[in-house]
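Asks: Provided herewith is a single structure, encoded as structure tokens, for subsequent inquiry.
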Amino acid sequence: MAGTIHVLYFAWLRERVGRSEERLSPPDSVSTVAGLIDWLKTLSDGHARAFAAGPLVRCAVNQDFATPDATVKPGDEVAFFPPVTGG
Amino acid sequence: MAGTIHVLYFAWLRERVGRSEERLSPPDSVSTVAGLIDWLKTLSDGHARAFAAGPLVRCAVNQDFATPDATVKPGDEVAFFPPVTGG
Amino acid sequence: MATVRVQEADFDITAEVAALGAGRADIGGIGSFIGTVRDVAGGRTITAMTLEHYPGMTERALARIAAEAEGRWPLLGCTLIHRVGRLLPGENIVLVLAASPHRHAALEATAFLIDWLKTAAPFWKKESFADGSEAWVDAREADTAATERWGRPA
Amino acid sequence: MATVRVQEADFDITAEVAALGAGRADIGGIGSFIGTVRDVAGGRTITAMTLEHYPGMTERALARIAAEAEGRWPLLGCTLIHRVGRLLPGENIVLVLAASPHRHAALEATAFLIDWLKTAAPFWKKESFADGSEAWVDAREADTAATERWGRPA
């Protein structure tokens with residue numbers, strides 16, 4: 001499992017993707033959040049719909065907020081979600 | 001009793017005067033808070049000590065904060081106390 | 001709409017919040033301030049605090065302060081409870097609650113209410129020290145300044 | 001020093017205040033904010049609010065927000081409790097407590113904590129309407145602006 005990326009989805013991203021988490025092994029060319037998103041979009045119509053919201057998608061890498069240029073690597077926990085609305 | 005002024009004392013003014021309230025009939029020449037204070041000072045050593053604190057003495061006439069030039073007349077409730085320290 | 005009380009007994013915050021919100025679901029947020037007795041004053045340990053007030057005028061002053069807040073912010077209710085009598089370190093002195101659809105209104109009104117209460121309501125505190133001595137608490141310039149930042153009443 | 005919890009159960013404000021002040025008498029004031037479910041959103045009646053969060057990251061984010069407040073104000077402790085799951089109109093969502101020797105520090109820290117929580121902690125709300133439809137709540141520009149008034153983290 002150390003070789004996979006643990007991807008989590010929350011709120012309407014979860015609903016659009018149709019699952020709350022998955023363990024994936026993207027190609028070696030995927031090394032950033034933006035690269036991961038581009039690759040995830042190709043996995044299913046649900047993934048494509050989820051990430052079509054583009055600028056509304058937020059990301060956390062290993063439970064810290066991350067920008068599109070942040071590095072991702074095997075073993076990381078990468079979460080995608082809409083802007084937060086708690087409180 | 002309508003002809004008297006009901007005078008109340010709180011906190012250290014009460015302690016210095018030695019009583020919490022009294023009903024008094026000052027001479028007709030007393031028509032303001034400042035005039036009442038001048039007259040009260042003559043009543044006893046305790047009164048004189050209480051009002052010696054001058055600028056630290058606050059007043060309310062009929063339960064509203066009042067300034068030294070405020071009118072006082074028979075039937076009024078006039079209270080003297082230090083600056084408030086609640087909360 | 002305001003609840004104003006002066007009492008010797010302690011208050012229960014959960015119960016007061018429930019009373020403020022009873023039967024309604026249009027409140028988005030409730031701001032609150034609880035003042036408690038500190039065990040130190042001016043570097044000296046205090047053993048008790050005794051609160052005196054001016055019955056009658058106090059309730060009028062608190063109702064006026066509450067009405068002023070309700071005129072300045074869109075409040076759905078507020079609560080002012082102040083204890084009197086002898087209180088020990090750690091005990092509650094005062095409770096302020098302000099409910100509003102909006103959180104900033106609730107919190108600003110809470111700050112306003114406690115600032116005003118400290119300078120416009122007739123309460124006086126006396127501190128008792130470990131050596132048996134007692135002293136009335138002096139009013140603080142900082143409290144007057146805190147009230148003045150809110151401007152004069154309308 | 002901070003207490004941070006995410007839970008389905010309701011919280012008891014009196015108990016949380018007591019826990020915050022347990023065994024100490026150096027607290028002068030406790031500021032508090034309680035967020036509750038409103039029955040109307042965008043002019044439509046809501047029948048329930050469902051809160052989802054990111055377990056693990058949520059607790060980290062709340063602890064970081066609390067630490068940031070403790071670095072900015074002289075706090076003697078703070079409490080952040082956020083409910084998740086299905087909540088009905090009028091029910092509690094979130095509790096913020098901040099204790100300090102000084103009332104303005106307590107109230108400012110309370111405002112800071114709720115503002116930051118709204119933009120930096122991973123919670124999402126879904127509203128359920130009377131006609132059976134549901135909708136995720138959109139983030140509000142006003143919430144981002146509210147957080148930005150506090151400046152960037154140190």
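How things are named: the first chain in the structure tokens is A, the next is B, and so on; residues count from 1 in each chain; ligands count from 1 in the order shown.
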Each residue of chain D with at least one atom at most 6 Å from chain C should appear once, together with its nearest atom pair and the corresponding distance in Å (one decimal); atoms considered: only C-alpha atoms; ordering: chain, then increasing residue number; output as a Markdown table.
Replies:
| residue | atom | partner | partner_atom | distance |
| --- | --- | --- | --- | --- |
| D:Ile13 | CA | C:Thr14 | CA | 5.3 |
| D:Thr14 | CA | C:Ile13 | CA | 5.3 |
| D:Ala25 | CA | C:Gly90 | CA | 4.4 |
| D:Asp26 | CA | C:Arg38 | CA | 4.9 |
| D:Ile27 | CA | C:Arg38 | CA | 5.9 |
| D:Gly28 | CA | C:Thr36 | CA | 5.1 |
| D:Gly29 | CA | C:Gly35 | CA | 4.4 |
| D:Ile30 | CA | C:Ile34 | CA | 5.1 |
| D:Gly31 | CA | C:Phe33 | CA | 4.6 |
| D:Ser32 | CA | C:Ser32 | CA | 4.7 |
| D:Phe33 | CA | C:Gly31 | CA | 4.6 |
| D:Ile34 | CA | C:Ile30 | CA | 5.1 |
| D:Gly35 | CA | C:Gly29 | CA | 4.4 |
| D:Thr36 | CA | C:Gly28 | CA | 5.2 |
| D:Arg38 | CA | C:Asp26 | CA | 4.9 |
| D:Asp39 | CA | C:Ala25 | CA | 5.4 |
| D:Pro89 | CA | C:Ala25 | CA | 5.5 |
| D:Gly90 | CA | C:Ala25 | CA | 4.3 |
Asks: Produce a file of the selected residues containing C-alpha atoms, as a CSV table (one decimal), in the first residue's frame.
Replies:
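Here's the written file out_30.csv:
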chain,number,residue,atom,x,y,z
D,13,ILE,CA,-22.3,24.7,27.8
D,14,THR,CA,-22.4,24.8,31.5
D,25,ALA,CA,-9.4,31.0,39.8
D,26,ASP,CA,-7.2,33.2,37.6
D,27,ILE,CA,-9.8,33.5,34.8
D,28,GLY,CA,-11.5,36.9,34.7
D,29,GLY,CA,-13.8,36.2,31.8
D,30,ILE,CA,-14.9,33.6,29.4
D,31,GLY,CA,-16.1,34.6,25.9
D,32,SER,CA,-18.3,32.2,24.1
D,33,PHE,CA,-20.0,31.6,20.8
D,34,ILE,CA,-22.7,29.0,20.1
D,35,GLY,CA,-23.7,28.5,16.5
D,36,THR,CA,-27.2,27.0,16.0
D,38,ARG,CA,-31.5,28.3,11.5
D,39,ASP,CA,-34.7,27.1,10.0
D,89,PRO,CA,-33.4,23.6,13.3
D,90,GLY,CA,-32.7,25.2,16.6
Asks: Give me the residues of segment 96-125 of chain C that have any atom at most 9 Å from an atom of segment 72-87 of chain B; for each, the nearest atom pair and the distance in Å, rounded to one decimal. Use only C-alpha atoms, sort by chain and number, and format it as CSV.
Replies:
residue,atom,partner,partner_atom,distance
C:Ile114,CA,B:Gly87,CA,6.7
C:Asp115,CA,B:Gly87,CA,8.3
C:Leu117,CA,B:Gly87,CA,6.3
C:Lys118,CA,B:Gly87,CA,5.1
C:Thr119,CA,B:Val84,CA,6.0
C:Ala120,CA,B:Val84,CA,7.2
C:Ala121,CA,B:Val84,CA,6.8
C:Pro122,CA,B:Val84,CA,5.5
C:Phe123,CA,B:Gly86,CA,4.6
C:Trp124,CA,B:Thr85,CA,4.9
C:Lys125,CA,B:Thr85,CA,6.0
Asks: Write a file of the just-selected residues containing N, CA and C atoms, as a PDB file, in the first residue's frame.
Replies:
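Saved to result-v2.pdb:
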ATOM      1  N   ILE C 114     -21.254  44.049  27.879  1.00  0.00           N
ATOM      2  CA  ILE C 114     -20.422  43.942  29.084  1.00  0.00           C
ATOM      3  C   ILE C 114     -19.639  45.239  29.312  1.00  0.00           C
ATOM      4  N   ASP C 115     -19.195  45.895  28.246  1.00  0.00           N
ATOM      5  CA  ASP C 115     -18.501  47.181  28.419  1.00  0.00           C
ATOM      6  C   ASP C 115     -19.424  48.213  29.062  1.00  0.00           C
ATOM      7  N   LEU C 117     -22.232  47.673  30.741  1.00  0.00           N
ATOM      8  CA  LEU C 117     -22.630  47.254  32.081  1.00  0.00           C
ATOM      9  C   LEU C 117     -21.595  47.702  33.110  1.00  0.00           C
ATOM     10  N   LYS C 118     -20.325  47.625  32.737  1.00  0.00           N
ATOM     11  CA  LYS C 118     -19.252  47.944  33.687  1.00  0.00           C
ATOM     12  C   LYS C 118     -19.194  49.414  34.050  1.00  0.00           C
ATOM     13  N   THR C 119     -19.783  50.281  33.235  1.00  0.00           N
ATOM     14  CA  THR C 119     -19.694  51.710  33.539  1.00  0.00           C
ATOM     15  C   THR C 119     -21.046  52.369  33.759  1.00  0.00           C
ATOM     16  N   ALA C 120     -22.138  51.682  33.433  1.00  0.00           N
ATOM     17  CA  ALA C 120     -23.447  52.339  33.495  1.00  0.00           C
ATOM     18  C   ALA C 120     -24.441  51.640  34.414  1.00  0.00           C
ATOM     19  N   ALA C 121     -24.036  50.565  35.073  1.00  0.00           N
ATOM     20  CA  ALA C 121     -24.964  49.884  35.987  1.00  0.00           C
ATOM     21  C   ALA C 121     -24.413  50.011  37.405  1.00  0.00           C
ATOM     22  N   PRO C 122     -25.288  50.341  38.375  1.00  0.00           N
ATOM     23  CA  PRO C 122     -24.822  50.654  39.733  1.00  0.00           C
ATOM     24  C   PRO C 122     -24.510  49.415  40.587  1.00  0.00           C
ATOM     25  N   PHE C 123     -23.328  48.843  40.332  1.00  0.00           N
ATOM     26  CA  PHE C 123     -22.774  47.762  41.139  1.00  0.00           C
ATOM     27  C   PHE C 123     -21.440  48.228  41.707  1.00  0.00           C
ATOM     28  N   TRP C 124     -21.135  47.747  42.925  1.00  0.00           N
ATOM     29  CA  TRP C 124     -19.839  48.055  43.523  1.00  0.00           C
ATOM     30  C   TRP C 124     -19.259  46.797  44.141  1.00  0.00           C
ATOM     31  N   LYS C 125     -17.953  46.638  43.934  1.00  0.00           N
ATOM     32  CA  LYS C 125     -17.276  45.438  44.434  1.00  0.00           C
ATOM     33  C   LYS C 125     -16.357  45.778  45.598  1.00  0.00           C
TER      34      LYS C 125
END
Asks: Choose the residue, out of C:Phe129, C:Ile65, C:Ala48, C:His53, that has the smallest atom-to-atom separation from Arg14 of chain B; count only C-alpha atoms.
Replies: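 Of C:Phe129, C:Ile65, C:Ala48, C:His53, the one nearest Arg14 of chain B is C:His53, counting only C-alpha atoms.
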Asks: Would you compute the distance between atom CA of Asp45 of chain A and atom CA of Phe10 of chain A? Give it in Å to one decimal.
Replies: 17.2 Å
Asks: Give me, please, the distance in Å between atom CA of Gly35 of chain A and atom CA of Gly18 of chain A, quoted to one decimal.
Replies: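 Going from atom CA of Gly35 of chain A over to atom CA of Gly18 of chain A, I get 21.1 Å.
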Asks: Would you list the contacts of Ala66 of chain C as a ChimeraX atom specification, taking every protein, DNA or RNA residue within 8 Å and counting only C-alpha atoms, but skipping same-chain residues closer than 6 positions in sequence?
Replies: /C:2,78-80,113
Asks: In chain D, what's alpha helix (DSSP H) per DSSP? Answer as a ChimeraX atom specification?
Replies: /D:13-21,57-72,103-120,141-148
Asks: Write down as a PyMOL selection string the residues of segment 12-147 of chain C whose backbone DSSP state falls under strand (DSSP E).
Replies: chain C and resi 29-36+40-41+44-53+77-83+85-87+92-100+123-129+134-136
Asks: Please list as JSON, numbers by chain every residue within 8 Å of Phe112 of chain D, counting only C-alpha atoms and excluding residues in the same chain fewer than 6 positions away.
Replies: {"D": [69, 147, 150]}
Asks: Export, as a PDB file, in the first residue's frame, the selected residues with all heavy atoms.
Replies:
ATOM      1  N   ALA D  69      -4.768  31.172  18.253  1.00  0.00           N
ATOM      2  CA  ALA D  69      -5.429  32.109  19.181  1.00  0.00           C
ATOM      3  C   ALA D  69      -4.628  32.253  20.467  1.00  0.00           C
ATOM      4  O   ALA D  69      -4.459  33.356  20.995  1.00  0.00           O
ATOM      5  CB  ALA D  69      -6.851  31.630  19.487  1.00  0.00           C
ATOM      6  N   THR D 147     -12.318  36.171   7.989  1.00  0.00           N
ATOM      7  CA  THR D 147     -11.063  35.569   8.430  1.00  0.00           C
ATOM      8  C   THR D 147      -9.888  36.466   8.081  1.00  0.00           C
ATOM      9  O   THR D 147      -8.951  36.629   8.865  1.00  0.00           O
ATOM     10  CB  THR D 147     -10.877  34.191   7.781  1.00  0.00           C
ATOM     11  OG1 THR D 147     -11.962  33.360   8.167  1.00  0.00           O
ATOM     12  CG2 THR D 147      -9.571  33.550   8.219  1.00  0.00           C
ATOM     13  N   TRP D 150      -8.271  39.194  10.290  1.00  0.00           N
ATOM     14  CA  TRP D 150      -7.349  38.825  11.374  1.00  0.00           C
ATOM     15  C   TRP D 150      -5.909  38.700  10.891  1.00  0.00           C
ATOM     16  O   TRP D 150      -5.005  38.436  11.699  1.00  0.00           O
ATOM     17  CB  TRP D 150      -7.759  37.497  12.005  1.00  0.00           C
ATOM     18  CG  TRP D 150      -9.105  37.541  12.639  1.00  0.00           C
ATOM     19  CD1 TRP D 150     -10.243  36.966  12.151  1.00  0.00           C
ATOM     20  CD2 TRP D 150      -9.471  38.188  13.864  1.00  0.00           C
ATOM     21  NE1 TRP D 150     -11.288  37.224  13.000  1.00  0.00           N
ATOM     22  CE2 TRP D 150     -10.846  37.964  14.057  1.00  0.00           C
ATOM     23  CE3 TRP D 150      -8.765  38.938  14.818  1.00  0.00           C
ATOM     24  CZ2 TRP D 150     -11.541  38.468  15.157  1.00  0.00           C
ATOM     25  CZ3 TRP D 150      -9.451  39.419  15.906  1.00  0.00           C
ATOM     26  CH2 TRP D 150     -10.812  39.189  16.079  1.00  0.00           C
TER      27      TRP D 150
END
Asks: Restricting the calculation to only C-alpha atoms: of D:Asp138, D:Glu68, D:Asp131, D:Asp10, which residue gets closest to chain A?
Replies: D:Asp138
